[in-house]
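Trainee: Provided below: model.csv, containing CSV, C-alpha atoms.
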chain,number,residue,atom,x,y,z
O,1,MET,CA,52.8,15.9,41.4
O,2,LYS,CA,50.0,13.8,40.0
O,3,LEU,CA,50.3,10.2,38.8
O,4,ARG,CA,48.7,8.6,35.8
O,5,ASN,CA,48.9,4.8,35.7
O,6,MET,CA,48.0,3.1,32.4
O,7,THR,CA,48.4,-0.4,31.0
O,8,SER,CA,48.3,-2.0,27.6
O,9,VAL,CA,48.7,-5.4,26.1
O,10,TYR,CA,50.3,-6.3,22.8
O,11,PHE,CA,49.6,-9.7,21.2
O,12,VAL,CA,52.3,-11.3,19.1
O,13,ARG,CA,52.5,-14.1,16.6
O,14,GLU,CA,55.4,-15.1,14.4
O,15,GLU,CA,56.7,-11.8,13.0
O,16,GLU,CA,53.6,-9.6,13.8
O,17,VAL,CA,52.1,-7.6,16.6
O,18,LEU,CA,48.4,-6.8,17.0
O,19,CYS,CA,47.9,-3.1,17.3
O,20,LEU,CA,44.8,-0.9,17.7
O,21,PHE,CA,44.3,2.3,15.7
O,22,ARG,CA,42.6,4.1,18.5
O,23,ILE,CA,39.7,6.4,17.6
O,24,GLY,CA,38.1,8.9,20.0
O,25,SER,CA,40.6,8.6,22.8
O,26,ARG,CA,41.4,11.7,24.9
O,27,VAL,CA,45.0,10.4,25.5
O,28,ALA,CA,46.0,8.6,22.2
O,29,ASN,CA,43.6,9.5,19.5
O,30,ASN,CA,44.3,8.5,15.9
O,31,ARG,CA,47.4,6.6,16.8
O,32,TYR,CA,48.4,2.9,17.1
O,33,VAL,CA,48.6,1.5,20.6
O,34,GLY,CA,48.3,-2.0,22.1
O,35,ALA,CA,45.3,-4.1,21.4
O,36,ALA,CA,43.7,-3.1,24.7
O,37,GLY,CA,44.5,-0.9,27.5
O,38,GLY,CA,43.6,2.1,29.6
O,39,HIS,CA,43.7,3.8,33.0
O,40,PHE,CA,43.8,2.0,36.3
O,41,GLU,CA,40.7,1.9,38.5
O,42,LYS,CA,41.2,2.7,42.1
O,43,GLU,CA,41.2,-1.0,43.2
O,44,GLU,CA,43.8,-1.9,40.6
O,45,LEU,CA,46.6,0.6,41.6
O,46,ASN,CA,48.8,-2.1,43.0
O,47,ASP,CA,47.9,-4.7,40.4
O,48,PRO,CA,48.6,-3.8,36.7
O,49,GLU,CA,47.7,-7.4,35.6
O,50,LYS,CA,44.2,-7.0,37.0
O,51,CYS,CA,43.9,-3.7,35.1
O,52,VAL,CA,45.0,-5.2,31.8
O,53,LEU,CA,42.7,-8.2,32.2
O,54,ARG,CA,39.7,-5.9,32.8
O,55,GLU,CA,40.7,-3.8,29.7
O,56,MET,CA,41.0,-6.9,27.6
O,57,GLN,CA,37.5,-8.0,28.6
O,58,GLU,CA,35.9,-4.5,28.1
O,59,GLU,CA,37.6,-3.7,24.8
O,60,LEU,CA,38.1,-7.1,23.1
O,61,GLY,CA,35.7,-9.5,24.9
O,62,LEU,CA,38.8,-11.6,25.9
O,63,SER,CA,39.3,-13.4,29.2
O,64,GLU,CA,42.5,-14.7,30.8
O,65,ASN,CA,41.6,-18.1,29.3
O,66,ASP,CA,41.8,-16.7,25.8
O,67,VAL,CA,45.5,-15.8,26.1
O,68,GLU,CA,48.8,-17.5,27.1
O,69,GLY,CA,52.1,-16.1,28.3
O,70,LEU,CA,50.6,-12.8,29.6
O,71,THR,CA,53.8,-11.1,31.0
O,72,LEU,CA,54.7,-7.6,32.1
O,73,ARG,CA,57.7,-6.7,29.9
O,74,TYR,CA,58.0,-2.9,30.1
O,75,ILE,CA,57.3,-0.1,32.4
O,76,THR,CA,57.8,3.4,31.0
O,77,TYR,CA,58.0,6.8,32.8
O,78,ARG,CA,57.4,10.2,31.4
O,79,LEU,CA,56.7,13.7,32.8
O,80,VAL,CA,53.9,15.7,31.1
O,81,ASP,CA,52.7,19.0,32.5
O,82,GLY,CA,53.8,18.1,36.0
O,83,GLU,CA,52.1,14.6,35.8
O,84,LEU,CA,54.1,11.4,36.0
O,85,ARG,CA,52.8,9.0,33.4
O,86,GLN,CA,53.5,5.3,34.2
O,87,ASN,CA,52.7,2.8,31.4
O,88,TYR,CA,52.7,-0.9,32.1
O,89,TYR,CA,53.1,-2.9,28.9
O,90,PHE,CA,52.2,-6.6,28.7
O,91,PHE,CA,52.8,-9.1,25.9
O,92,ALA,CA,50.9,-12.3,25.3
O,93,ARG,CA,49.8,-14.8,22.6
O,94,LEU,CA,46.2,-15.4,21.7
O,95,LYS,CA,44.8,-18.9,22.0
O,96,THR,CA,41.7,-18.0,20.1
O,97,GLU,CA,41.6,-17.9,16.3
O,98,ARG,CA,38.3,-16.0,16.1
O,99,PRO,CA,38.5,-12.6,14.5
O,100,LEU,CA,38.7,-9.8,17.1
O,101,THR,CA,37.0,-6.5,17.1
O,102,SER,CA,37.5,-3.6,19.5
O,103,THR,CA,35.2,-1.0,21.0
O,104,GLU,CA,38.0,1.5,20.8
O,105,GLY,CA,39.1,1.5,17.2
O,106,ASN,CA,40.4,-0.8,14.4
O,107,LEU,CA,42.7,-3.8,15.1
O,108,ARG,CA,45.4,-4.8,12.6
O,109,TRP,CA,48.2,-7.3,12.7
O,110,VAL,CA,51.4,-5.3,11.9
O,111,PRO,CA,54.6,-6.9,10.6
O,112,PHE,CA,57.5,-6.1,12.9
O,113,ALA,CA,59.3,-4.5,9.9
O,114,GLU,CA,56.5,-1.8,9.8
O,115,VAL,CA,56.6,-0.8,13.5
O,116,PRO,CA,59.0,2.1,12.8
O,117,ASP,CA,56.4,3.6,10.4
O,118,LEU,CA,53.5,3.5,12.9
O,119,HIS,CA,52.1,6.8,14.3
O,120,MET,CA,52.2,6.0,18.1
O,121,PRO,CA,52.4,7.8,21.4
O,122,VAL,CA,55.8,9.0,22.4
O,123,SER,CA,56.5,6.2,25.0
O,124,ALA,CA,54.8,3.4,23.2
O,125,LYS,CA,56.7,3.6,19.9
O,126,PRO,CA,60.2,3.3,21.4
O,127,MET,CA,59.0,0.5,23.7
O,128,LEU,CA,57.6,-1.5,20.8
O,129,MET,CA,60.7,-0.9,18.7
O,130,HIS,CA,62.9,-2.1,21.6
O,131,TYR,CA,60.7,-5.2,21.9
O,132,VAL,CA,61.1,-6.0,18.2
O,133,GLU,CA,64.8,-5.4,18.2
O,134,THR,CA,65.7,-6.8,21.7
O,135,GLY,CA,62.9,-7.7,24.0
O,136,ARG,CA,61.3,-10.5,22.0
O,137,PHE,CA,64.6,-12.5,22.3
O,138,ASP,CA,64.7,-12.5,26.1
O,139,GLN,CA,62.4,-12.5,29.2
O,140,GLU,CA,63.6,-9.3,30.9
O,141,LEU,CA,61.4,-6.7,32.5
O,142,TYR,CA,62.6,-3.3,31.2
O,143,ALA,CA,62.2,0.1,32.6
O,144,GLY,CA,62.2,3.0,30.2
O,145,ILE,CA,62.6,6.7,30.9
O,146,THR,CA,61.3,9.0,28.2
O,147,GLU,CA,63.1,12.3,27.8
O,148,ARG,CA,63.4,14.9,25.0
O,149,ASN,CA,66.2,12.9,23.4
O,150,GLY,CA,64.5,9.6,23.4
O,151,THR,CA,63.6,6.7,25.6
O,152,HIS,CA,66.3,4.8,27.5
O,153,PHE,CA,65.7,1.2,28.5
O,154,VAL,CA,67.4,-0.7,31.3
O,155,PRO,CA,66.7,-4.4,32.3
O,156,MET,CA,65.4,-4.5,35.9
O,157,ALA,CA,67.1,-7.0,38.2
O,158,GLU,CA,65.6,-8.2,41.4
O,159,PHE,CA,68.0,-7.9,44.3
O,160,ASP,CA,67.9,-7.4,48.1
O,161,GLY,CA,70.3,-4.7,49.1
What's the structure tokens form of this structure?

Mentor:
Amino acid sequence: MKLRNMTSVYFVREEEVLCLFRIGSRVANNRYVGAAGGHFEKEELNDPEKCVLREMQEELGLSENDVEGLTLRYITYRLVDGELRQNYYFFARLKTERPLTSTEGNLRWVPFAEVPDLHMPVSAKPMLMHYVETGRFDQELYAGITERNGTHFVPMAEFDG
């Protein structure tokens, strides 16, 4: 079985989330996704934060100093054609007020109430809806398994046993 590791970051403010309408992607073309994200490089395989910071720089021109509260909140899993796709979703707030542009598509602040209407990848949409309904009110790290009948989320607890 092959693995595909991907990461993405969603920026939030008040009752909105910054989404990217991705254009020209081989994985998520003409769909809304996080503001920046992509596949892990070889040296990032054990460090999803390193990957998301690189993607933010490449796609948005943002550095770690431009954001606050960057936190891994969701990891989703899905099988596609014998390939296990693992998505690491980060959330953060922007410190900068300057308008952002992306090399990957069009950015738009989306009201939380409009998230159910977005055309998104099969794992990303339930994750973002879970964040709007539940995750934004806590600090849990959630694991999500995507199956035919939906995505099921479980808060992950650290324990030694």

Trainee: Would you please work out which residue, of O:Phe159, O:Leu62, O:Ala35, O:Lys2, is nearest to Arg98 (chain O) when using all atoms listed in the file?

Mentor: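 So, comparing all the options, the nearest one is O:Leu62.
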
Trainee: How far is it from CA of Arg73 (chain O) to CA of Met129 (chain O), in Å with one decimal?

Mentor: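 Going from CA of Arg73 (chain O) over to CA of Met129 (chain O) covers 13.0 Å.
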
Trainee: Name the residues in contact with region 109-116 of chain O at a cut-off of 8 Å, using only C-alpha atoms, excluding same-chain residues fewer than 2 positions from it; report them as JSON, numbers by chain.

Mentor: {"O": [15, 16, 17, 18, 19, 107, 118, 125, 128, 129, 132]}

Trainee: One decimal, Å: what's the distance from CA of Val9 (chain O) over to CA of Gly69 (chain O), could you say?

Mentor: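 Taking CA of Val9 (chain O) and CA of Gly69 (chain O), their separation equals 11.4 Å.
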
Trainee: Take CA of Arg85 (chain O) and CA of Gln57 (chain O) and report the distance between them in Å, one decimal.

Mentor: 23.4 Å

Trainee: Quick one: everything within 12 Å of Gln139 (chain O), counting all atoms listed in the file, minus sequence neighbours fewer than 5 positions away in the same chain. Send it as a list in words.

Mentor: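 Those residues are Gly69, Leu70, Thr71, Leu72, Arg73, Tyr74, Phe90, Phe91, Tyr131, Thr134, Pro155, Met156 and Ala157 of chain O.
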
Trainee: Tell me, as a ChimeraX atom specification, which residues lie within 10 Å of Thr7 (chain O), counting all atoms listed in the file; anything in the same chain fewer than 3 positions away does not count.

Mentor: /O:34,36-40,48-53,55,72,74-75,86-90
